[in-house]
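Structure data follow from query20.cif (mmCIF, C-alpha atoms):
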```cif
data_work
#
loop_
_atom_site.label_atom_id
_atom_site.label_comp_id
_atom_site.auth_asym_id
_atom_site.auth_seq_id
_atom_site.Cartn_x
_atom_site.Cartn_y
_atom_site.Cartn_z
CA MET A 1 -20.01 -30.36 -3.69
CA THR A 2 -16.53 -29.28 -2.64
CA ILE A 3 -13.77 -31.86 -2.79
CA SER A 4 -11.00 -31.27 -0.30
CA PRO A 5 -7.37 -32.09 -1.14
CA VAL A 6 -7.56 -35.01 1.31
CA THR A 7 -10.54 -36.51 -0.54
CA THR A 8 -8.65 -36.19 -3.82
CA ILE A 9 -5.64 -38.01 -2.36
CA LYS A 10 -7.76 -40.95 -1.17
CA ALA A 11 -9.53 -41.23 -4.50
CA ASN A 12 -6.30 -41.21 -6.51
CA ARG A 13 -3.91 -43.08 -4.19
CA ASP A 14 -3.48 -46.04 -6.57
CA SER A 15 -2.62 -43.80 -9.54
CA PHE A 16 0.73 -42.61 -8.14
CA ALA A 17 3.72 -44.23 -9.83
CA SER A 18 6.13 -43.74 -6.92
CA PRO A 19 6.33 -42.61 -3.31
CA GLN A 20 7.93 -39.37 -4.57
CA SER A 21 4.90 -38.49 -6.68
CA LEU A 22 2.62 -39.21 -3.70
CA SER A 23 4.83 -36.99 -1.53
CA LEU A 24 4.74 -34.21 -4.12
CA HIS A 25 0.95 -34.48 -4.36
CA LEU A 26 0.60 -34.37 -0.56
CA THR A 27 2.83 -31.27 -0.38
CA PHE A 28 0.84 -29.54 -3.13
CA SER A 29 -2.44 -30.46 -1.43
CA PHE A 30 -1.19 -29.09 1.89
CA LEU A 31 -0.18 -25.82 0.21
CA LEU A 32 -3.62 -25.52 -1.39
CA LEU A 33 -5.25 -26.09 1.97
CA LEU A 34 -2.95 -23.52 3.60
CA LEU A 35 -3.67 -20.94 0.90
CA SER A 36 -7.41 -21.46 1.24
CA THR A 37 -7.23 -20.69 4.97
CA MET A 38 -5.15 -17.58 4.30
CA THR A 39 -7.77 -16.32 1.85
CA VAL A 40 -10.53 -16.85 4.39
CA LYS A 41 -8.61 -14.80 6.98
CA ALA A 42 -7.98 -11.95 4.51
CA GLU A 43 -11.62 -11.64 3.39
CA PRO A 44 -12.89 -9.95 6.57
CA LEU A 45 -10.12 -7.34 6.27
CA ALA A 46 -10.95 -6.78 2.61
CA SER A 47 -14.59 -6.20 3.51
CA GLU A 48 -13.57 -3.80 6.32
CA LEU A 49 -11.65 -1.77 3.74
CA SER A 50 -14.15 -2.00 0.88
CA ASP A 51 -15.35 1.58 1.41
CA LEU A 52 -11.87 3.08 1.82
CA LYS A 53 -11.51 5.49 -1.08
CA ASN A 54 -8.93 4.58 -3.74
CA LEU A 55 -6.90 2.12 -1.65
CA GLN A 56 -3.74 0.89 -3.37
CA VAL A 57 -1.09 -1.47 -2.04
CA HIS A 58 2.39 -1.70 -3.53
CA GLY A 59 4.33 -4.10 -1.34
CA ASN A 60 4.79 -2.26 1.97
CA LEU A 61 3.43 1.03 0.59
CA PHE A 62 -0.28 1.64 1.11
CA SER A 63 -2.06 4.76 -0.13
CA SER A 64 -5.69 5.76 0.22
CA GLY A 65 -8.26 8.40 0.83
CA LEU A 66 -9.09 9.36 4.41
CA PRO A 67 -9.69 6.24 6.57
CA ASP A 68 -12.26 6.15 9.34
CA GLU A 69 -11.55 4.53 12.72
CA ALA A 70 -12.60 1.01 11.66
CA GLU A 71 -10.44 1.27 8.54
CA PHE A 72 -7.41 2.34 10.58
CA VAL A 73 -7.99 -0.73 12.78
CA ALA A 74 -8.19 -2.98 9.68
CA LEU A 75 -5.03 -1.42 8.24
CA LYS A 76 -3.24 -2.11 11.52
CA LYS A 77 -4.38 -5.75 11.30
CA MET A 78 -2.81 -5.84 7.84
CA GLY A 79 0.49 -4.79 9.39
CA VAL A 80 0.52 -1.04 8.80
CA THR A 81 2.66 0.55 11.51
CA GLN A 82 3.03 4.13 10.28
CA VAL A 83 0.65 6.73 8.88
CA ILE A 84 1.74 9.71 6.79
CA ASP A 85 -1.16 12.16 6.51
CA LEU A 86 -0.85 14.70 3.67
CA ILE A 87 -3.90 16.77 4.63
CA PRO A 88 -3.24 20.32 5.90
CA GLY A 89 -5.04 21.89 8.85
CA ASP A 90 -5.83 20.69 12.37
CA ARG A 91 -5.13 16.95 12.32
CA SER A 92 -5.10 16.46 16.11
CA ASP A 93 -8.11 14.09 16.15
CA GLU A 94 -6.51 11.73 13.63
CA GLN A 95 -3.15 11.99 15.35
CA ALA A 96 -4.73 11.01 18.69
CA LEU A 97 -6.65 8.10 17.12
CA VAL A 98 -3.63 6.74 15.28
CA LYS A 99 -1.41 6.98 18.35
CA THR A 100 -4.12 5.26 20.45
CA LEU A 101 -3.90 2.36 17.99
CA GLY A 102 -0.15 2.19 18.56
CA LEU A 103 0.76 3.48 15.11
CA LYS A 104 3.33 6.14 14.28
CA TYR A 105 1.80 9.34 12.92
CA ASN A 106 3.31 12.08 10.77
CA ASN A 107 1.65 14.97 9.00
CA ILE A 108 3.02 16.73 5.94
CA ALA A 109 0.60 19.57 5.19
CA VAL A 110 0.42 19.53 1.39
CA ASP A 111 -1.52 22.51 0.05
CA TRP A 112 -3.72 21.27 -2.79
CA GLU A 113 -3.05 24.41 -4.83
CA ASN A 114 0.69 24.50 -4.11
CA PRO A 115 2.47 21.17 -3.55
CA THR A 116 6.18 21.83 -3.04
CA LEU A 117 9.47 20.05 -3.43
CA ALA A 118 9.96 20.65 0.31
CA ASN A 119 6.80 18.56 0.90
CA PHE A 120 8.21 15.68 -1.12
CA GLU A 121 11.65 16.03 0.50
CA SER A 122 9.96 15.71 3.92
CA TYR A 123 8.18 12.59 2.65
CA VAL A 124 11.41 11.04 1.37
CA LYS A 125 13.10 11.80 4.69
CA LEU A 126 10.27 10.14 6.67
CA MET A 127 10.27 7.11 4.41
CA GLY A 128 14.04 6.88 4.78
CA GLN A 129 13.58 6.51 8.54
CA THR A 130 11.25 3.50 8.22
CA ALA A 131 12.41 -0.04 8.80
CA GLU A 132 12.95 -2.12 5.66
CA ASN A 133 9.79 -4.22 6.03
CA GLU A 134 7.64 -1.59 7.72
CA LYS A 135 4.22 -1.06 6.17
CA VAL A 136 3.36 2.62 5.69
CA LEU A 137 0.03 4.21 4.82
CA THR A 138 0.19 7.51 2.94
CA HIS A 139 -3.21 9.16 2.77
CA CYS A 140 -5.08 12.34 1.97
CA LYS A 141 -8.81 12.90 1.38
CA LEU A 142 -9.21 11.08 -1.96
CA ASN A 143 -5.72 9.59 -2.48
CA TRP A 144 -4.83 12.08 -5.18
CA ARG A 145 -1.96 13.59 -3.18
CA GLY A 146 -1.17 10.16 -1.71
CA ALA A 147 -1.06 8.40 -5.08
CA THR A 148 1.20 11.14 -6.44
CA PHE A 149 3.65 11.00 -3.54
CA THR A 150 3.67 7.19 -3.67
CA TYR A 151 4.27 7.30 -7.45
CA LEU A 152 7.18 9.73 -7.06
CA TYR A 153 8.68 7.74 -4.19
CA ARG A 154 8.45 4.45 -6.05
CA VAL A 155 10.16 5.91 -9.12
CA THR A 156 12.80 8.14 -7.51
CA GLN A 157 13.68 6.06 -4.45
CA LEU A 158 12.71 2.44 -5.16
CA ASN A 159 13.64 2.41 -8.86
CA VAL A 160 10.24 1.10 -9.96
CA SER A 161 9.82 1.69 -13.68
CA GLU A 162 8.18 5.03 -14.36
CA PRO A 163 5.47 3.60 -16.68
CA GLN A 164 4.52 0.94 -14.11
CA ALA A 165 4.29 3.43 -11.24
CA LYS A 166 2.50 6.01 -13.37
CA LYS A 167 -0.11 3.47 -14.42
CA ALA A 168 -1.00 2.91 -10.77
CA MET A 169 -1.29 6.65 -10.13
CA LEU A 170 -3.47 7.14 -13.22
CA GLU A 171 -5.85 4.47 -11.92
CA ILE A 172 -6.61 6.95 -9.11
CA TRP A 173 -6.58 10.29 -10.91
CA GLN A 174 -5.19 12.36 -13.78
CA PRO A 175 -2.97 15.13 -12.36
CA ASN A 176 -4.01 18.68 -13.25
CA ALA A 177 -1.51 21.31 -14.46
CA THR A 178 -0.42 22.29 -10.92
CA TRP A 179 0.26 18.71 -9.92
CA GLN A 180 1.90 17.80 -13.22
CA ALA A 181 4.33 20.72 -12.74
CA PHE A 182 5.04 19.43 -9.22
CA ILE A 183 5.67 15.93 -10.58
CA ASP A 184 7.97 17.26 -13.31
CA ASN A 185 9.96 19.34 -10.78
CA ALA A 186 10.34 16.40 -8.38
CA MET A 187 11.38 14.04 -11.16
CA ALA A 188 13.94 16.57 -12.44
CA LYS A 189 15.40 17.14 -8.99
CA TYR A 190 15.62 13.46 -8.06
CA SER A 191 17.02 12.37 -11.41
CA THR A 192 20.16 14.46 -10.88
CA PRO A 193 23.32 12.57 -9.83
CA ASN A 194 23.34 14.09 -6.31
CA HIS A 195 20.04 12.50 -5.37
#
```

Exercise: express the given structure as structure tokens:
Amino acid sequence: MTISPVTTIKANRDSFASPQSLSLHLTFSFLLLLLSTMTVKAEPLASELSDLKNLQVHGNLFSSGLPDEAEFVALKKMGVTQVIDLIPGDRSDEQALVKTLGLKYNNIAVDWENPTLANFESYVKLMGQTAENEKVLTHCKLNWRGATFTYLYRVTQLNVSEPQAKKAMLEIWQPNATWQAFIDNAMAKYSTPNH
């Protein structure tokens, strides 16, 4: 049997020492009720994204593997307004889909075997053009590139602690030698006083 906050208030009305404690209890009960409705609304979106590979959310920064159409729709419902696709090649189908949904689309073609500082500089520039509260999805096929770019951006641009950001990236994958060299180069460049 589930007891609602209202039932609890009726059962315990005589135990309140003052009108202030009753008011505090009513406020707390209302907040619990409000939170429970918010959770119910979020569950369908969570289930729509349950198959999205390696989804991570850090405030307004989302990163993931390659979403399908239904997952792009769910991400839009969550407030995502911009997509940064790190996959090279012909991306015209995704670009058309994303634009049909009313989302901004950008592609930075990051070669798996040769990620470059120019790639990350393009990413930083795009992110610098976003509104303060804009939600951005960065994605690739498995979220290995995406998690790395998000990690670097969080550390070099948002001043998130390196161990905290790295932990999130390592939950997705362990960078190989090529990607570790890329990370080291980006960190060295963006830790200089001119950046």

Worksheet item: Distance atom CA of Ala186 of chain A-atom CA of Leu52 of chain A, one decimal place?
Response: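 The value is 27.8 Å.
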
Item to complete: Mind checking which residues fall within 10 Å of Tyr123 of chain A, counting all atoms listed in the file, ignoring those fewer than 4 positions away in the same chain, and posting them as a VMD selection string?
Response: chain A and resid 84 86 106 to 108 117 to 119 127 to 128 138 149 to 150 153

Could those selected residues go to a file with C-alpha atoms, as a compact mmCIF listing (two decimals), in the frame of the given file?
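Just written: part_2.txt:
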```
# COMPACT_ATOMS: atom_id res chain seq x y z
CA ILE A 84 1.74 9.71 6.79
CA LEU A 86 -0.85 14.70 3.67
CA ASN A 106 3.31 12.08 10.77
CA ASN A 107 1.65 14.97 9.00
CA ILE A 108 3.02 16.73 5.94
CA LEU A 117 9.47 20.05 -3.43
CA ALA A 118 9.96 20.65 0.31
CA ASN A 119 6.80 18.56 0.90
CA MET A 127 10.27 7.11 4.41
CA GLY A 128 14.04 6.88 4.78
CA THR A 138 0.19 7.51 2.94
CA PHE A 149 3.65 11.00 -3.54
CA THR A 150 3.67 7.19 -3.67
CA TYR A 153 8.68 7.74 -4.19
```

Item to complete: Rank A:His139, A:Lys53, A:Lys76, A:Lys189 by their smallest atom-to-atom distance to Ile172 of chain A, using all atoms listed in the file, and report the top residue only.
Response: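 Going through A:His139, A:Lys53, A:Lys76, A:Lys189 one by one, the smallest distance to Ile172 of chain A is for A:Lys53.
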
Worksheet item: Residues picked by the PyMOL selection byres ((chain A and resi 143) around 9) here, as a ChimeraX atom specification?
Response: /A:53-56,63-66,138-142,144-148,172-173

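Note that the spacing between atom CA of Phe62 of chain A and atom CA of Leu152 of chain A amounts to 13.7 Å.
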